[in-house]
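Q: My structure file data-v8.txt, compact mmCIF, C-alpha atoms, is below:
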# COMPACT_ATOMS: atom_id res chain seq x y z
CA MET A 1 202.75 -29.03 -117.89
CA LYS A 2 200.15 -30.62 -115.61
CA LYS A 3 199.40 -28.91 -112.30
CA PHE A 4 199.13 -32.27 -110.48
CA LYS A 5 200.27 -35.81 -111.25
CA SER A 6 199.78 -39.15 -109.57
CA ALA A 7 202.70 -41.19 -108.26
CA GLU A 8 201.84 -43.86 -110.85
CA GLU A 9 202.55 -41.43 -113.70
CA SER A 10 206.22 -41.16 -112.72
CA HIS A 11 206.80 -44.60 -111.18
CA VAL A 12 210.03 -46.17 -112.47
CA SER A 13 211.59 -49.60 -111.95
CA ILE A 14 214.77 -51.20 -113.20
CA THR A 15 216.23 -54.68 -112.83
CA GLU A 16 219.91 -55.40 -113.25
CA LEU A 17 222.04 -58.54 -112.95
CA MET A 18 224.82 -58.12 -110.37
CA LEU A 19 228.19 -58.97 -111.92
CA PRO A 20 231.63 -59.70 -110.42
CA SER A 21 232.69 -56.18 -111.43
CA HIS A 22 230.09 -54.86 -108.92
CA SER A 23 231.58 -56.75 -105.98
CA ASN A 24 233.68 -55.63 -103.03
CA PHE A 25 236.57 -57.55 -101.43
CA SER A 26 234.23 -59.89 -99.56
CA GLY A 27 232.46 -60.94 -102.76
CA LYS A 28 229.22 -59.09 -102.03
CA VAL A 29 227.88 -56.31 -104.24
CA HIS A 30 229.51 -53.01 -103.28
CA GLY A 31 227.20 -50.59 -101.48
CA GLY A 32 228.51 -47.74 -103.60
CA HIS A 33 227.25 -49.45 -106.74
CA ILE A 34 223.78 -49.78 -105.21
CA LEU A 35 223.83 -46.11 -104.13
CA ASN A 36 224.71 -45.12 -107.69
CA LEU A 37 221.76 -47.12 -109.06
CA MET A 38 219.47 -45.59 -106.42
CA ASP A 39 220.53 -42.07 -107.38
CA GLN A 40 219.93 -42.84 -111.06
CA ILE A 41 216.41 -44.14 -110.48
CA ALA A 42 215.58 -41.21 -108.17
CA PHE A 43 216.73 -38.89 -110.97
CA ALA A 44 214.62 -40.74 -113.55
CA CYS A 45 211.50 -40.69 -111.36
CA SER A 46 211.78 -37.02 -110.35
CA SER A 47 212.63 -35.89 -113.88
CA LYS A 48 209.67 -37.83 -115.24
CA HIS A 49 207.37 -36.18 -112.66
CA SER A 50 208.69 -32.63 -113.10
CA GLN A 51 209.59 -32.85 -116.80
CA HIS A 52 212.86 -31.09 -115.90
CA TYR A 53 216.43 -32.07 -115.16
CA CYS A 54 216.69 -32.81 -111.42
CA VAL A 55 219.56 -32.82 -108.95
CA THR A 56 219.95 -34.70 -105.68
CA ALA A 57 219.63 -32.35 -102.70
CA SER A 58 219.82 -34.97 -99.95
CA VAL A 59 219.45 -38.64 -99.13
CA ASN A 60 217.61 -39.62 -95.97
CA LYS A 61 218.75 -42.75 -94.16
CA VAL A 62 220.53 -45.46 -96.08
CA ASP A 63 220.47 -48.76 -94.21
CA PHE A 64 221.75 -51.85 -95.99
CA LEU A 65 219.43 -54.51 -94.55
CA ASN A 66 220.67 -57.57 -96.46
CA PRO A 67 223.77 -58.23 -98.57
CA ILE A 68 223.38 -58.67 -102.32
CA GLU A 69 225.26 -61.53 -103.93
CA VAL A 70 226.98 -61.54 -107.30
CA GLY A 71 224.65 -63.33 -109.74
CA GLU A 72 221.45 -62.03 -108.14
CA LEU A 73 218.96 -59.77 -109.86
CA VAL A 74 218.48 -56.38 -108.21
CA THR A 75 215.23 -54.54 -108.74
CA LEU A 76 214.86 -50.88 -107.80
CA ARG A 77 211.46 -49.19 -107.66
CA ALA A 78 210.98 -45.45 -107.29
CA SER A 79 207.94 -43.28 -106.80
CA ILE A 80 207.15 -39.73 -105.76
CA ASN A 81 206.18 -39.61 -102.07
CA TYR A 82 206.06 -35.83 -101.59
CA THR A 83 206.08 -32.66 -103.63
CA GLY A 84 207.07 -29.22 -102.40
CA ARG A 85 207.28 -26.11 -104.54
CA THR A 86 210.47 -27.09 -106.43
CA SER A 87 211.46 -30.31 -104.68
CA MET A 88 210.22 -33.87 -104.53
CA VAL A 89 210.89 -36.78 -102.20
CA VAL A 90 211.43 -40.00 -104.12
CA GLY A 91 211.00 -43.26 -102.25
CA VAL A 92 213.39 -45.92 -103.53
CA ARG A 93 213.06 -49.62 -102.65
CA VAL A 94 215.80 -52.15 -103.45
CA GLU A 95 215.17 -55.89 -103.61
CA SER A 96 217.42 -58.74 -104.65
CA GLU A 97 216.35 -62.05 -106.12
CA ASN A 98 218.29 -65.29 -106.26
CA ILE A 99 217.65 -66.42 -109.83
CA THR A 100 218.03 -70.14 -109.04
CA THR A 101 215.77 -70.30 -105.96
CA GLY A 102 213.48 -67.31 -106.58
CA GLU A 103 214.10 -66.08 -103.01
CA LYS A 104 213.62 -62.31 -102.72
CA LYS A 105 215.14 -60.04 -100.06
CA HIS A 106 214.34 -56.44 -99.17
CA CYS A 107 217.79 -54.85 -99.16
CA ASN A 108 217.15 -51.13 -98.71
CA SER A 109 214.57 -48.36 -98.67
CA SER A 110 215.72 -44.76 -98.89
CA TYR A 111 214.34 -41.32 -99.58
CA PHE A 112 215.97 -38.93 -102.03
CA THR A 113 215.10 -35.24 -102.07
CA MET A 114 215.37 -34.07 -105.66
CA VAL A 115 215.14 -30.49 -106.95
CA ALA A 116 213.92 -29.59 -110.45
CA LYS A 117 216.14 -27.20 -112.46
CA ASP A 118 215.66 -25.19 -115.63
CA ASP A 119 218.24 -24.86 -118.40
CA ASP A 120 220.00 -22.09 -116.44
CA GLY A 121 220.25 -24.16 -113.27
CA LYS A 122 217.49 -22.26 -111.45
CA ASN A 123 214.91 -24.08 -109.33
CA VAL A 124 211.56 -24.50 -111.07
CA PRO A 125 208.10 -25.38 -109.72
CA VAL A 126 207.01 -29.01 -109.92
CA PRO A 127 203.53 -30.48 -110.33
CA GLY A 128 201.79 -31.34 -107.08
CA LEU A 129 200.99 -34.91 -106.14
CA ILE A 130 197.57 -36.52 -106.54
CA ILE A 131 197.09 -38.88 -103.58
CA LYS A 132 194.72 -41.76 -104.28
CA ASP A 133 194.99 -44.03 -101.24
CA HIS A 134 195.89 -44.29 -97.54
CA GLN A 135 199.42 -45.39 -98.41
CA GLY A 136 199.90 -42.15 -100.36
CA VAL A 137 198.68 -40.08 -97.40
CA ARG A 138 201.07 -41.99 -95.10
CA ARG A 139 204.05 -41.47 -97.41
CA PHE A 140 203.33 -37.77 -97.96
CA SER A 141 202.83 -37.18 -94.21
CA ARG A 142 205.99 -39.11 -93.32
CA SER A 143 207.98 -37.02 -95.80
CA MET A 144 206.60 -33.82 -94.27
CA ARG A 145 207.71 -35.07 -90.84
CA ARG A 146 211.21 -35.91 -92.08
CA LYS A 147 211.48 -32.41 -93.53
CA GLU A 148 210.47 -30.85 -90.18
CA GLN A 149 212.96 -33.03 -88.30
CA ALA A 150 215.78 -32.13 -90.71
CA THR A 151 215.09 -28.43 -90.18
CA LYS A 152 215.15 -28.86 -86.38
CA ARG A 153 218.35 -30.93 -86.59
CA SER A 154 220.19 -28.38 -88.68
CA SER A 155 219.21 -25.45 -86.43
CA LYS A 156 219.88 -27.30 -83.15
CA PHE A 157 223.51 -27.93 -84.01
CA LYS A 158 224.49 -24.67 -85.70
CA ALA A 159 228.10 -23.84 -84.77
CA GLU A 160 227.32 -20.29 -83.70
CA THR A 161 224.59 -21.32 -81.21
CA PHE A 162 225.84 -24.75 -80.08
CA LYS A 163 226.60 -25.01 -76.33
CA THR A 164 229.08 -27.80 -75.63
CA ASP A 165 228.20 -28.01 -71.91
CA ASP A 166 224.60 -28.87 -72.81
CA HIS A 167 225.76 -32.02 -74.62
CA LEU A 168 228.70 -33.41 -72.65
CA GLU A 169 226.39 -35.47 -70.42
CA ASN A 170 225.04 -37.25 -73.52
CA LEU A 171 228.53 -38.53 -74.33
CA VAL A 172 228.94 -40.46 -71.07
CA GLY A 173 229.11 -44.18 -71.82
CA GLU A 174 229.95 -43.64 -75.49
CA ASN A 175 233.19 -44.78 -77.14
CA VAL A 176 234.77 -41.33 -76.91
CA LYS A 177 237.50 -39.66 -74.85
CA ILE A 178 236.96 -35.95 -74.16
CA GLU A 179 240.11 -33.80 -74.03
CA LEU A 180 238.80 -30.26 -74.39
CA ASN A 181 241.31 -27.41 -74.32
CA ILE A 182 239.17 -24.61 -73.00
Kindly return the structure encoded in the file as structure tokens.

A:
Amino acid sequence: MKKFKSAEESHVSITELMLPSHSNFSGKVHGGHILNLMDQIAFACSSKHSQHYCVTASVNKVDFLNPIEVGELVTLRASINYTGRTSMVVGVRVESENITTGEKKHCNSSYFTMVAKDDDGKNVPVPGLIIKDHQGVRRFSRSMRRKEQATKRSSKFKAETFKTDDHLENLVGENVKIELNI
């Protein structure tokens, strides 16, 4: 196995026609179907990079920017943005294309943290990432920042250390009614 790989070596893209069976009750493509495709391409990209079976550890921020219509082509592109010791962050971009007009829309960009596993289900080291341009530095740095923020978030709201009184003021003006039984 290589010690380092470039993002290009594990880049994956797929294009699929959106069918009526993919639609929700409003006639648009169901978000769950798109999430399934995104998870599949993140798996393919991370497995190609690590040369191991990979599992999804987390998904960072899923915003559906534009609806996808039945009959449009959906293209998903995935590349490795960050490598840790056993984990990788896969950037996934989703675009739709109207096949009659050629109009393309950016529908979603998300970041999947994938972990490489051996045959016994144990985490295994992954090749590092060769960064060849400014975009690669930006993506790697942004992934590092997301990782730091996730760690802070999870420790700030731990049940055993959370102080309700410190946060009640933040709820003023929100669509919430507080009825604490203390």

Q: Skip Ser58 in chain A itself and residues of its chain fewer than 4 positions away, then list as a VMD selection string all residues within 10 Å of it, counting only C-alpha atoms.

A: chain A and resid 89 111 to 115

Q: When you look at Asp119 in chain A with a cut-off of 10 Å (counting all atoms listed in the file), what residues show up, excluding the ones that are within fewer than 4 positions of it in the same chain? I need them as a list in words.

A: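 So the residues in contact are His52, Tyr53, Asn123 and Val124 of chain A.
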
Q: Nearest to Asn66 in chain A: which of A:Cys54, A:Val29, A:Met1, A:Val90 is it, counting only C-alpha atoms?

A: A:Val29

Q: Which of these, A:Ile80, A:Ala44, A:Leu65, A:Ala150, has the shortest distance to Leu129 in chain A once you count only C-alpha atoms?

A: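 Once distances to Leu129 in chain A are computed over only C-alpha atoms, the minimum belongs to A:Ile80.
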
Q: Adding 5 Å on each side of the box along x, y and z that holds all listed atoms of range 166-172 of chain A, could you give its centre and edge lengths in Å to one decimal, as lines of an AutoDock Vina configuration file?

A:
center_x = 226.8
center_y = -34.7
center_z = -72.5
size_x = 14.3
size_y = 21.6
size_z = 14.2

Q: Could you name the residues that touch Leu168 in chain A at 9 Å or less, counting all atoms listed in the file, but leaving out those on the same chain fewer than 4 positions away, as a list in words?

A: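 The contact residues come out as Thr164, Val172 and Ile178 of chain A.
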
Q: Find, counting all atoms listed in the file, the residue in A:Asn60, A:Met88, A:Ser23, A:Arg145 that gets nearest to Phe43 in chain A.

A: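 Selected residue with least distance to Phe43 in chain A: A:Met88.
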
Q: Which one is closest to Ile14 in chain A: A:His49, A:His134, A:Arg93, A:Lys61? Count only C-alpha atoms.

A: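 Going through A:His49, A:His134, A:Arg93, A:Lys61 one by one, the smallest distance to Ile14 in chain A is for A:Arg93.
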
Q: What's the separation between CA of Ser21 in chain A and CA of Glu103 in chain A, in Å to one decimal place?

A: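 These two atoms are separated by 22.7 Å.
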
Q: Choose the residue, out of A:Val70, A:Ala57, A:Asp39, A:Leu76, that has the smallest atom-to-atom separation from His11 in chain A; count only C-alpha atoms.

A: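 Once distances to His11 in chain A are computed over only C-alpha atoms, the minimum belongs to A:Leu76.
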